Amino acid sequence: MAGVARAYEIASVERGEVLRYLGHSGQKIVPELDARIDEVVARCLAAARPRGVTRVFDVARRGRRDGRPVIELAGTALALEGSSIARHLDGAVAVGVLAVTAGMGVDLELRRLSLTDRVAEVVFDAAGSALVERAADAAEADIVAEAAARGLYTGSRFSPGYGDLPLATQPVLLSSLDAQRALGITLSATLLMSPTKSVTAVVGLFEEPRERAYVACDECLSRDFCKIRPTGSTCRDLTGATG
């Protein structure tokens with residue numbers, strides 16, 4: 001069964017994240033540029049149409065392929081290869097798969113700015129990167145809710161290209177979500193995604209909490225999109241959680 005696309009309401013991004021993508025490391029920002037950043041971030045939020053799709057697959061088998069660890073997922077051709085992902089998903093009984101995009105409107109505005117306003121282009125690009133990561137936080141919240149409904153806990157997300165998980169995982173990952181139809185995401189010959197502000201990732205589901213992912217709600221990147229807290233529970237206390 002293909003995943004169903006969802007729209008995400010993202011009204012803001014953290015300014016610190018935009019500055020981080022700009023390479024800012026504490027330098028003084030003059031008032032004119034400060035105001036310009038706010039203006040361009042607002043323009044990016046207006047141009048974006050963040051959407052995502054998620055699915056959860058049970059772990060079918062762990063083995064080796066060409067000498068490398070591989071995790072095969074039930075009901076899909078997607079297989080996760082490499083020592084990095086094997087460690088990241090050690091003990092996982094299922095794996096959530098996500099793809100998100102900020103939409104083609106962001107790409108179109110970036111192209112226009114590249115011809116008309118290079119300063120705004122750089123800021124807009126940084127804002128788009130921060131925005132699509134927020135969309136990934138929202139998609140991850142969907143996976144956390146499904147995990148809680150199963151009585152399971154989640155780890156952190158991990159994307160193709162991290163560690164030794166091959167970027168060549170992208171075509172099958174996107175196919176497993178039917179992401180071209182659902183989100184309009186396509187791949188170039190060099191495996192770059194279009195729209196460019198798109199993210200894919202996997203998230204492990206575990207029978208026991210993961211210590212490194214075990215954070216307070218106020219520290220959780222997905223807190224603004226959480227579906228569990230309104231039920232009076234949290235993903236760390238699964239009693240009564242329904243997702």
# chains A, B, ... in the order shown; residues from 1 in each chain; ligands from 1
$ residues_around --residues "Leu173 in chain A" --least-positions-apart "4" --cutoff "10 Å" --atoms "only C-alpha atoms" --output "ChimeraX atom specification"
/A:76-80,97-99,160,168-169,177-179,200-202
$ residues_around --residues "range 7-10 of chain A" --least-positions-apart "5" --cutoff "8 Å" --atoms "only C-alpha atoms" --output "list in words"
Leu45, Arg49, Pro50, Arg51, Gly52, Leu131, Arg134, Ala135 and Ala138 of chain A
$ select_by_dssp --residues "range 58-242 of chain A" --states "strand (DSSP E)" --output "ChimeraX atom specification"
/A:58-65,68-73,79-81,94-101,153-158,186-187,193-194,198-206
$ residues_around --residues "range 29-38 of chain A" --least-positions-apart "3" --cutoff "7 Å" --atoms "only C-alpha atoms" --output "PyMOL selection string"
chain A and resi 41-42+123
$ select_by_dssp --residues "range 47-183 of chain A" --states "helix (DSSP H, G or I)" --output "PyMOL selection string"
chain A and resi 47+83-88+104-116+118-149+167-176+179-183
$ closest_residue --among "A:Glu81, A:Ala127, A:Thr196, A:Ala139" --to "Asp66 in chain A" --atoms "only C-alpha atoms"
A:Glu81
$ closest_residue --among "A:Ala92, A:Leu174, A:Arg112, A:Arg118" --to "Gly155 in chain A" --atoms "only C-alpha atoms"
A:Ala92
$ residues_around --residues "Leu152 in chain A" --least-positions-apart "3" --cutoff "8 Å" --atoms "only C-alpha atoms" --output "list in words"
Ala147, Ala148, Ala149, Leu205, Phe206, Glu207, Glu208 and Leu238 of chain A
$ atom_distance --atom1 "CA of Leu183 in chain A" --atom2 "CA of Val106 in chain A"
14.1 Å
$ residues_around --residues "Gly163 in chain A" --least-positions-apart "2" --cutoff "10 Å" --atoms "only C-alpha atoms" --output "list in words"
Gly82, Ser83, Ser84, Ile85, Phe158, Ser159, Pro160, Gly161, Leu165 and Pro166 of chain A
$ atom_distance --atom1 "CA of Pro171 in chain A" --atom2 "CA of Phe57 in chain A"
16.9 Å
$ atom_distance --atom1 "CA of Ala74 in chain A" --atom2 "CA of Ser156 in chain A"
20.8 Å
$ closest_residue --among "A:Arg157, A:Lys28, A:Lys197, A:Arg55" --to "Leu108 in chain A" --atoms "only C-alpha atoms"
A:Lys197
$ residues_around --residues "Asp125 in chain A" --least-positions-apart "4" --cutoff "10 Å" --atoms "only C-alpha atoms" --output "PyMOL selection string"
chain A and resi 18+21-22+40-41+44+106-107+109-110+113+120-121+129-131+196-197
$ write_last_selection --atoms "N, CA and C atoms" --output "PDB file, in the first residue's frame"
ATOM      1  N   VAL A  18      18.280  29.098  10.485  1.00  0.00           N
ATOM      2  CA  VAL A  18      18.569  29.803   9.227  1.00  0.00           C
ATOM      3  C   VAL A  18      19.984  30.363   9.259  1.00  0.00           C
ATOM      4  N   TYR A  21      22.566  27.630   8.707  1.00  0.00           N
ATOM      5  CA  TYR A  21      22.714  27.271   7.297  1.00  0.00           C
ATOM      6  C   TYR A  21      23.451  28.362   6.517  1.00  0.00           C
ATOM      7  N   LEU A  22      23.394  29.582   7.012  1.00  0.00           N
ATOM      8  CA  LEU A  22      24.126  30.684   6.379  1.00  0.00           C
ATOM      9  C   LEU A  22      25.606  30.689   6.772  1.00  0.00           C
ATOM     10  N   VAL A  40      13.029  37.814   4.003  1.00  0.00           N
ATOM     11  CA  VAL A  40      13.226  36.703   3.068  1.00  0.00           C
ATOM     12  C   VAL A  40      12.701  35.399   3.655  1.00  0.00           C
ATOM     13  N   VAL A  41      12.881  35.201   4.953  1.00  0.00           N
ATOM     14  CA  VAL A  41      12.328  34.001   5.583  1.00  0.00           C
ATOM     15  C   VAL A  41      10.805  33.979   5.435  1.00  0.00           C
ATOM     16  N   CYS A  44       9.925  32.892   2.002  1.00  0.00           N
ATOM     17  CA  CYS A  44      10.108  31.452   1.823  1.00  0.00           C
ATOM     18  C   CYS A  44       8.927  30.682   2.404  1.00  0.00           C
ATOM     19  N   VAL A 106       9.358  26.810  -3.880  1.00  0.00           N
ATOM     20  CA  VAL A 106      10.625  27.259  -3.312  1.00  0.00           C
ATOM     21  C   VAL A 106      11.714  27.242  -4.389  1.00  0.00           C
ATOM     22  N   ASP A 107      11.764  26.185  -5.189  1.00  0.00           N
ATOM     23  CA  ASP A 107      12.759  26.105  -6.267  1.00  0.00           C
ATOM     24  C   ASP A 107      12.571  27.230  -7.284  1.00  0.00           C
ATOM     25  N   GLU A 109      11.244  30.188  -6.840  1.00  0.00           N
ATOM     26  CA  GLU A 109      11.655  31.478  -6.286  1.00  0.00           C
ATOM     27  C   GLU A 109      13.181  31.557  -6.181  1.00  0.00           C
ATOM     28  N   LEU A 110      13.822  30.442  -5.858  1.00  0.00           N
ATOM     29  CA  LEU A 110      15.287  30.429  -5.814  1.00  0.00           C
ATOM     30  C   LEU A 110      15.880  30.754  -7.189  1.00  0.00           C
ATOM     31  N   LEU A 113      15.444  34.494  -7.832  1.00  0.00           N
ATOM     32  CA  LEU A 113      16.370  35.298  -7.036  1.00  0.00           C
ATOM     33  C   LEU A 113      17.807  35.172  -7.523  1.00  0.00           C
ATOM     34  N   ALA A 120      19.456  37.862  -1.356  1.00  0.00           N
ATOM     35  CA  ALA A 120      18.188  37.232  -0.985  1.00  0.00           C
ATOM     36  C   ALA A 120      18.191  35.754  -1.354  1.00  0.00           C
ATOM     37  N   GLU A 121      18.839  35.393  -2.459  1.00  0.00           N
ATOM     38  CA  GLU A 121      18.904  33.986  -2.861  1.00  0.00           C
ATOM     39  C   GLU A 121      19.583  33.138  -1.788  1.00  0.00           C
ATOM     40  N   SER A 129      16.149  25.307   3.566  1.00  0.00           N
ATOM     41  CA  SER A 129      16.755  24.148   4.223  1.00  0.00           C
ATOM     42  C   SER A 129      16.198  23.974   5.633  1.00  0.00           C
ATOM     43  N   ALA A 130      16.073  25.090   6.362  1.00  0.00           N
ATOM     44  CA  ALA A 130      15.513  25.025   7.715  1.00  0.00           C
ATOM     45  C   ALA A 130      14.052  24.571   7.672  1.00  0.00           C
ATOM     46  N   LEU A 131      13.325  25.040   6.676  1.00  0.00           N
ATOM     47  CA  LEU A 131      11.901  24.721   6.575  1.00  0.00           C
ATOM     48  C   LEU A 131      11.688  23.239   6.280  1.00  0.00           C
ATOM     49  N   THR A 196      14.432  20.576  -4.829  1.00  0.00           N
ATOM     50  CA  THR A 196      15.714  20.441  -4.146  1.00  0.00           C
ATOM     51  C   THR A 196      15.565  20.438  -2.633  1.00  0.00           C
ATOM     52  N   LYS A 197      14.569  21.154  -2.116  1.00  0.00           N
ATOM     53  CA  LYS A 197      14.353  21.157  -0.677  1.00  0.00           C
ATOM     54  C   LYS A 197      13.440  19.990  -0.317  1.00  0.00           C
TER      55      LYS A 197
END
$ closest_residue --among "A:Asp142, A:Glu72, A:Asp137, A:Asp58" --to "Arg6 in chain A" --atoms "only C-alpha atoms"
A:Asp142
$ decode --residues "range 26-169 of chain A" --atoms "C-alpha atoms" --output "mmCIF file, in the first residue's frame"
data_model
loop_
_atom_site.group_PDB
_atom_site.id
_atom_site.type_symbol
_atom_site.label_atom_id
_atom_site.label_comp_id
_atom_site.auth_asym_id
_atom_site.auth_seq_id
_atom_site.Cartn_x
_atom_site.Cartn_y
_atom_site.Cartn_z
ATOM 1 C CA GLY A 26 28.450 34.871 16.038
ATOM 2 C CA GLN A 27 29.406 37.752 13.758
ATOM 3 C CA LYS A 28 27.513 40.985 14.275
ATOM 4 C CA ILE A 29 24.561 41.395 11.924
ATOM 5 C CA VAL A 30 23.835 44.952 10.876
ATOM 6 C CA PRO A 31 20.195 46.096 11.334
ATOM 7 C CA GLU A 32 19.591 46.316 7.585
ATOM 8 C CA LEU A 33 20.613 42.697 7.024
ATOM 9 C CA ASP A 34 18.748 41.626 10.153
ATOM 10 C CA ALA A 35 15.497 42.988 8.758
ATOM 11 C CA ARG A 36 16.276 41.545 5.334
ATOM 12 C CA ILE A 37 16.656 38.063 6.783
ATOM 13 C CA ASP A 38 13.236 38.272 8.411
ATOM 14 C CA GLU A 39 11.699 39.501 5.164
ATOM 15 C CA VAL A 40 13.226 36.703 3.068
ATOM 16 C CA VAL A 41 12.328 34.001 5.583
ATOM 17 C CA ALA A 42 8.715 35.193 5.474
ATOM 18 C CA ARG A 43 8.822 35.033 1.665
ATOM 19 C CA CYS A 44 10.108 31.452 1.823
ATOM 20 C CA LEU A 45 7.351 30.396 4.210
ATOM 21 C CA ALA A 46 4.781 31.915 1.839
ATOM 22 C CA ALA A 47 6.229 30.117 -1.214
ATOM 23 C CA ALA A 48 6.527 26.717 0.442
ATOM 24 C CA ARG A 49 3.925 23.968 0.377
ATOM 25 C CA PRO A 50 5.444 21.455 2.812
ATOM 26 C CA ARG A 51 4.097 17.937 2.448
ATOM 27 C CA GLY A 52 5.252 14.493 3.413
ATOM 28 C CA VAL A 53 4.490 10.805 3.285
ATOM 29 C CA THR A 54 5.408 8.056 5.761
ATOM 30 C CA ARG A 55 5.127 4.283 6.035
ATOM 31 C CA VAL A 56 6.216 1.738 8.626
ATOM 32 C CA PHE A 57 7.654 -1.631 7.594
ATOM 33 C CA ASP A 58 8.460 -4.565 9.852
ATOM 34 C CA VAL A 59 12.045 -5.801 9.853
ATOM 35 C CA ALA A 60 11.986 -9.063 7.890
ATOM 36 C CA ARG A 61 15.615 -10.139 8.061
ATOM 37 C CA ARG A 62 19.110 -9.051 8.988
ATOM 38 C CA GLY A 63 21.978 -10.450 7.023
ATOM 39 C CA ARG A 64 24.912 -9.535 4.827
ATOM 40 C CA ARG A 65 25.185 -8.614 1.176
ATOM 41 C CA ASP A 66 28.561 -8.404 -0.527
ATOM 42 C CA GLY A 67 30.150 -8.466 2.913
ATOM 43 C CA ARG A 68 28.084 -5.542 4.232
ATOM 44 C CA PRO A 69 25.309 -5.666 6.849
ATOM 45 C CA VAL A 70 21.841 -5.379 5.347
ATOM 46 C CA ILE A 71 18.391 -4.942 6.904
ATOM 47 C CA GLU A 72 15.527 -6.177 4.739
ATOM 48 C CA LEU A 73 12.048 -4.744 5.298
ATOM 49 C CA ALA A 74 8.838 -6.736 4.895
ATOM 50 C CA GLY A 75 6.536 -5.814 2.038
ATOM 51 C CA THR A 76 9.041 -3.689 0.120
ATOM 52 C CA ALA A 77 12.171 -4.000 -1.997
ATOM 53 C CA LEU A 78 13.852 -1.418 0.243
ATOM 54 C CA ALA A 79 16.967 -2.840 1.939
ATOM 55 C CA LEU A 80 19.199 -0.753 4.201
ATOM 56 C CA GLU A 81 22.875 -1.545 3.729
ATOM 57 C CA GLY A 82 25.928 -0.538 5.715
ATOM 58 C CA SER A 83 27.506 -0.709 9.139
ATOM 59 C CA SER A 84 26.241 2.755 10.126
ATOM 60 C CA ILE A 85 22.568 1.985 9.605
ATOM 61 C CA ALA A 86 22.983 -1.490 11.123
ATOM 62 C CA ARG A 87 24.259 0.123 14.331
ATOM 63 C CA HIS A 88 21.593 2.840 14.214
ATOM 64 C CA LEU A 89 18.807 0.260 13.874
ATOM 65 C CA ASP A 90 20.305 -2.389 16.152
ATOM 66 C CA GLY A 91 17.362 -4.032 17.891
ATOM 67 C CA ALA A 92 14.681 -2.347 15.765
ATOM 68 C CA VAL A 93 11.608 -4.473 15.089
ATOM 69 C CA ALA A 94 10.241 -2.102 12.448
ATOM 70 C CA VAL A 95 11.403 0.907 10.452
ATOM 71 C CA GLY A 96 9.511 4.082 9.618
ATOM 72 C CA VAL A 97 10.325 5.568 6.216
ATOM 73 C CA LEU A 98 9.637 9.208 5.368
ATOM 74 C CA ALA A 99 9.955 11.652 2.501
ATOM 75 C CA VAL A 100 9.120 15.347 2.695
ATOM 76 C CA THR A 101 9.385 18.331 0.395
ATOM 77 C CA ALA A 102 8.980 22.083 0.673
ATOM 78 C CA GLY A 103 7.493 22.098 -2.829
ATOM 79 C CA MET A 104 8.440 23.385 -6.254
ATOM 80 C CA GLY A 105 7.453 26.942 -5.375
ATOM 81 C CA VAL A 106 10.625 27.259 -3.312
ATOM 82 C CA ASP A 107 12.759 26.105 -6.267
ATOM 83 C CA LEU A 108 11.050 28.537 -8.625
ATOM 84 C CA GLU A 109 11.655 31.478 -6.286
ATOM 85 C CA LEU A 110 15.287 30.429 -5.814
ATOM 86 C CA ARG A 111 15.794 30.476 -9.590
ATOM 87 C CA ARG A 112 14.224 33.922 -9.848
ATOM 88 C CA LEU A 113 16.370 35.298 -7.036
ATOM 89 C CA SER A 114 19.509 33.845 -8.616
ATOM 90 C CA LEU A 115 18.921 36.286 -11.479
ATOM 91 C CA THR A 116 17.696 39.280 -9.516
ATOM 92 C CA ASP A 117 19.002 39.316 -5.938
ATOM 93 C CA ARG A 118 21.931 37.128 -4.941
ATOM 94 C CA VAL A 119 21.868 38.143 -1.277
ATOM 95 C CA ALA A 120 18.188 37.232 -0.985
ATOM 96 C CA GLU A 121 18.904 33.986 -2.861
ATOM 97 C CA VAL A 122 21.439 32.866 -0.244
ATOM 98 C CA VAL A 123 19.114 33.708 2.643
ATOM 99 C CA PHE A 124 16.125 32.119 0.900
ATOM 100 C CA ASP A 125 18.139 28.945 0.295
ATOM 101 C CA ALA A 126 19.050 28.749 3.985
ATOM 102 C CA ALA A 127 15.433 29.349 4.990
ATOM 103 C CA GLY A 128 14.300 26.581 2.640
ATOM 104 C CA SER A 129 16.755 24.148 4.223
ATOM 105 C CA ALA A 130 15.513 25.025 7.715
ATOM 106 C CA LEU A 131 11.901 24.721 6.575
ATOM 107 C CA VAL A 132 12.232 21.264 5.012
ATOM 108 C CA GLU A 133 13.901 19.983 8.179
ATOM 109 C CA ARG A 134 10.829 21.197 10.080
ATOM 110 C CA ALA A 135 8.722 19.234 7.610
ATOM 111 C CA ALA A 136 10.863 16.186 8.395
ATOM 112 C CA ASP A 137 10.190 16.803 12.106
ATOM 113 C CA ALA A 138 6.463 16.761 11.315
ATOM 114 C CA ALA A 139 6.731 13.522 9.352
ATOM 115 C CA GLU A 140 8.780 11.987 12.146
ATOM 116 C CA ALA A 141 5.973 12.896 14.569
ATOM 117 C CA ASP A 142 3.629 10.792 12.415
ATOM 118 C CA ILE A 143 5.984 7.824 12.768
ATOM 119 C CA VAL A 144 6.329 8.385 16.529
ATOM 120 C CA ALA A 145 2.528 8.330 16.847
ATOM 121 C CA GLU A 146 2.280 5.072 14.899
ATOM 122 C CA ALA A 147 5.047 3.570 17.019
ATOM 123 C CA ALA A 148 3.227 4.556 20.213
ATOM 124 C CA ALA A 149 0.024 2.982 18.924
ATOM 125 C CA ARG A 150 1.999 -0.259 18.551
ATOM 126 C CA GLY A 151 3.515 0.072 22.013
ATOM 127 C CA LEU A 152 6.946 0.821 20.529
ATOM 128 C CA TYR A 153 9.546 3.555 20.915
ATOM 129 C CA THR A 154 11.472 5.412 18.233
ATOM 130 C CA GLY A 155 15.075 6.388 17.684
ATOM 131 C CA SER A 156 16.319 9.358 15.667
ATOM 132 C CA ARG A 157 16.082 9.669 11.904
ATOM 133 C CA PHE A 158 18.881 8.662 9.539
ATOM 134 C CA SER A 159 19.116 9.643 5.869
ATOM 135 C CA PRO A 160 20.706 8.038 2.818
ATOM 136 C CA GLY A 161 24.195 9.450 2.424
ATOM 137 C CA TYR A 162 24.811 9.505 6.203
ATOM 138 C CA GLY A 163 27.659 7.241 7.273
ATOM 139 C CA ASP A 164 27.933 4.410 4.780
ATOM 140 C CA LEU A 165 24.213 4.134 3.982
ATOM 141 C CA PRO A 166 24.474 4.577 0.202
ATOM 142 C CA LEU A 167 22.831 7.509 -1.529
ATOM 143 C CA ALA A 168 21.869 4.843 -4.072
ATOM 144 C CA THR A 169 19.207 3.802 -1.522
#
